[in-house]
Structures are given as C-alpha cells and as structure tokens.
>>> print(open('start-v9.tsv').read())   # TSV, C-alpha atoms
chain	number	residue	atom	x	y	z
A	1	MET	CA	0.00	0.00	0.00
A	2	ALA	CA	1.58	3.24	-1.12
A	3	ARG	CA	0.89	6.31	0.98
A	4	PRO	CA	2.44	9.78	0.73
A	5	GLY	CA	4.80	9.21	3.69
A	6	PHE	CA	5.58	5.52	3.32
A	7	VAL	CA	4.92	2.24	1.51
A	8	LEU	CA	3.59	-0.73	3.50
A	9	LEU	CA	4.31	-4.30	2.45
A	10	ALA	CA	2.69	-7.21	4.29
A	11	ARG	CA	3.35	-10.88	3.71
A	12	PRO	CA	2.44	-14.02	5.67
A	13	ASN	CA	5.32	-15.65	7.52
A	14	ASP	CA	5.98	-19.15	8.81
A	15	ALA	CA	6.82	-17.99	12.32
A	16	GLY	CA	3.20	-17.16	13.12
A	17	ALA	CA	4.34	-13.97	14.84
A	18	MET	CA	3.74	-10.37	13.86
A	19	ARG	CA	7.07	-8.85	12.82
A	20	PHE	CA	8.10	-5.55	11.26
A	21	GLY	CA	10.99	-3.99	9.43
A	22	ILE	CA	11.84	-0.45	8.38
A	23	THR	CA	13.92	0.76	5.48
A	24	VAL	CA	14.79	4.26	4.35
A	25	THR	CA	16.98	4.75	1.28
A	26	LYS	CA	19.64	7.36	0.67
A	27	LYS	CA	17.27	9.08	-1.77
A	28	ILE	CA	15.44	10.46	1.27
A	29	GLY	CA	18.41	12.45	2.56
A	30	ASN	CA	21.55	12.32	4.60
A	31	ALA	CA	22.06	10.08	7.65
A	32	VAL	CA	20.46	12.57	10.03
A	33	VAL	CA	17.25	12.75	7.97
A	34	ARG	CA	17.13	8.98	7.43
A	35	ASN	CA	17.59	8.26	11.14
A	36	ARG	CA	14.88	10.78	12.06
A	37	MET	CA	12.55	9.09	9.56
A	38	LYS	CA	13.33	5.64	10.99
A	39	ARG	CA	12.68	6.86	14.55
A	40	ARG	CA	9.30	8.30	13.52
A	41	LEU	CA	8.31	5.13	11.65
A	42	ARG	CA	9.45	2.92	14.54
A	43	ALA	CA	7.36	4.93	17.02
A	44	LEU	CA	4.40	4.81	14.65
A	45	ILE	CA	4.65	1.05	14.17
A	46	ARG	CA	5.01	0.34	17.89
A	47	ASP	CA	1.91	2.45	18.50
A	48	VAL	CA	-0.36	1.00	15.78
A	49	LEU	CA	0.87	-2.49	14.87
A	50	PRO	CA	0.05	-4.39	18.11
A	51	THR	CA	-3.64	-3.57	17.82
A	52	GLU	CA	-4.19	-3.28	14.07
A	53	GLY	CA	-1.43	-5.35	12.48
A	54	LEU	CA	-2.01	-8.60	10.63
A	55	PRO	CA	-1.28	-11.63	12.84
A	56	GLY	CA	1.27	-14.02	11.39
A	57	HIS	CA	2.56	-11.46	8.88
A	58	ASP	CA	5.78	-9.61	8.24
A	59	HIS	CA	5.22	-5.87	7.86
A	60	VAL	CA	7.81	-3.79	6.01
A	61	VAL	CA	7.53	-0.01	6.01
A	62	ILE	CA	9.57	1.86	3.41
A	63	GLY	CA	10.02	5.56	4.11
A	64	ARG	CA	9.23	7.94	1.28
A	65	ASP	CA	10.46	11.44	0.56
A	66	GLY	CA	8.45	13.96	2.56
A	67	GLY	CA	7.60	11.51	5.35
A	68	VAL	CA	9.80	13.38	7.80
A	69	GLU	CA	7.78	16.58	7.40
A	70	ARG	CA	4.34	14.92	7.55
A	71	ASP	CA	2.23	15.32	10.66
A	72	PHE	CA	2.55	12.30	12.96
A	73	ALA	CA	-1.23	12.01	13.44
A	74	LEU	CA	-1.67	11.99	9.66
A	75	LEU	CA	0.95	9.24	9.31
A	76	ARG	CA	-0.93	7.23	11.97
A	77	THR	CA	-4.25	7.47	10.12
A	78	GLU	CA	-2.54	6.54	6.84
A	79	LEU	CA	-0.94	3.47	8.46
A	80	GLN	CA	-4.26	2.44	10.00
A	81	ALA	CA	-5.97	2.77	6.61
A	82	ALA	CA	-3.21	0.80	4.88
A	83	LEU	CA	-3.44	-2.00	7.47
A	84	ALA	CA	-7.23	-2.09	7.11
A	85	ARG	CA	-6.89	-2.45	3.32
A	86	ALA	CA	-4.29	-5.18	3.75
A	87	ALA	CA	-6.55	-7.03	6.20
A	88	ALA	CA	-9.38	-6.84	3.67
A	89	GLY	CA	-7.11	-8.35	1.01
A	90	LYS	CA	-7.02	-5.20	-1.08
A	91	SER	CA	-3.84	-3.78	-2.50
A	92	ASP	CA	-2.84	-0.95	-4.76
A	93	PRO	CA	-2.90	-1.66	-8.49
A	94	PRO	CA	0.49	-2.46	-10.01
A	95	ARG	CA	2.44	0.50	-11.24
A	96	LYS	CA	3.32	0.91	-14.88
A	97	HIS	CA	6.99	0.44	-15.50
A	98	ARG	CA	8.73	3.53	-16.70
A	99	SER	CA	11.30	3.22	-19.40
A	100	PRO	CA	14.72	4.08	-18.06
A	101	GLY	CA	15.84	7.56	-18.94
A	102	PRO	CA	19.23	8.51	-20.24
A	103	ARG	CA	22.10	7.59	-17.96
A	104	LYS	CA	24.02	10.36	-16.31
>>> encode(input="start-v9.tsv", output="structure tokens")
Amino acid sequence: MARPGFVLLARPNDAGAMRFGITVTKKIGNAVVRNRMKRRLRALIRDVLPTEGLPGHDHVVIGRDGGVERDFALLRTELQAALARAAAGKSDPPRKHRSPGPRK
C-alpha cells in the first residue's frame, strides 16, 4: 500500500508472529534525515501495529520522501488505513513500469 509518507508491504510468515521492518533509502536524505525518519516510523509502528497489524505477517515499512515533514497524526491514520486495506485483502494496483531515462 503506497501512501504519501511511506509504503507498507505485508506478507504471511511461517513464524506465526507479527514482525516488522523499516527501510529508508539514501534518496530520502543524509544520515540525520534517514535516522529521524526511521525513529518516527518505529514509534508509529510500535503504536499501531500491536492492535491493528495482521497476525502471522511480516510488515515492512519503506520511508518515502516527505515523510519526515508529515504530521505524525496523519501518518498514523494513513498506516491504520493501509493495514485495514491489507486485512481486507485489497492492494494498490500495479504501477506501470517507466522506461529508463538517459544515464548520467
């Protein structure tokens, strides 16, 4: 589920436990910005996932550009909506592949 501040991936696991992972790429910014983003996402996940996460699934949250500046309450509602869609078995439609541009 793609949201303005993050992308949520959920997949069943064999462990039967609810697990999560966070990733933020260098495209987002320098180490200070990436670490701030990871701290915000970690706090968000620890707040929402125990009650609304999918049991027996791995949850991966990928930080997107602009997620650091987004309001925390807005991120929370977006994560809750994404988890509700995932629980209902709905996902975002596949994206069209862009042709690679000229190399720099």
>>> residues_around(input="start-v9.tsv", residues="Asp58 in chain A", least_positions_apart="4", cutoff="6 Å", atoms="only C-alpha atoms", output="count of residues only")
4
>>> closest_residue(input="start-v9.tsv", among="A:Gly56, A:Arg64, A:Glu69, A:Ile28", to="Ala15 in chain A", atoms="only C-alpha atoms")
A:Gly56
>>> atom_distance(input="start-v9.tsv", atom1="CA of Arg42 in chain A", atom2="CA of Ile22 in chain A")
7.4 Å
>>> atom_distance(input="start-v9.tsv", atom1="CA of Met18 in chain A", atom2="CA of His59 in chain A")
7.6 Å
>>> atom_distance(input="start-v9.tsv", atom1="CA of Lys27 in chain A", atom2="CA of Val7 in chain A")
14.5 Å
>>> residues_around(input="start-v9.tsv", residues="Leu79 in chain A", least_positions_apart="2", cutoff="9 Å", atoms="all atoms listed in the file", output="CSV table (one decimal) with C-alpha atoms, in the coordinates of the input")
chain,number,residue,atom,x,y,z
A,3,ARG,CA,0.9,6.3,1.0
A,6,PHE,CA,5.6,5.5,3.3
A,8,LEU,CA,3.6,-0.7,3.5
A,44,LEU,CA,4.4,4.8,14.6
A,45,ILE,CA,4.6,1.0,14.2
A,48,VAL,CA,-0.4,1.0,15.8
A,49,LEU,CA,0.9,-2.5,14.9
A,74,LEU,CA,-1.7,12.0,9.7
A,75,LEU,CA,1.0,9.2,9.3
A,76,ARG,CA,-0.9,7.2,12.0
A,77,THR,CA,-4.2,7.5,10.1
A,81,ALA,CA,-6.0,2.8,6.6
A,82,ALA,CA,-3.2,0.8,4.9
A,83,LEU,CA,-3.4,-2.0,7.5
A,84,ALA,CA,-7.2,-2.1,7.1
>>> closest_residue(input="start-v9.tsv", among="A:Pro50, A:Pro55, A:Gly16, A:Gly67", to="Lys38 in chain A", atoms="only C-alpha atoms")
A:Gly67
>>> closest_residue(input="start-v9.tsv", among="A:Ala2, A:Val32, A:Ala88, A:Val24", to="Asp65 in chain A", atoms="all atoms listed in the file")
A:Val24
>>> closest_residue(input="start-v9.tsv", among="A:Arg40, A:Pro102, A:Thr23, A:Leu9", to="Arg70 in chain A", atoms="all atoms listed in the file")
A:Arg40
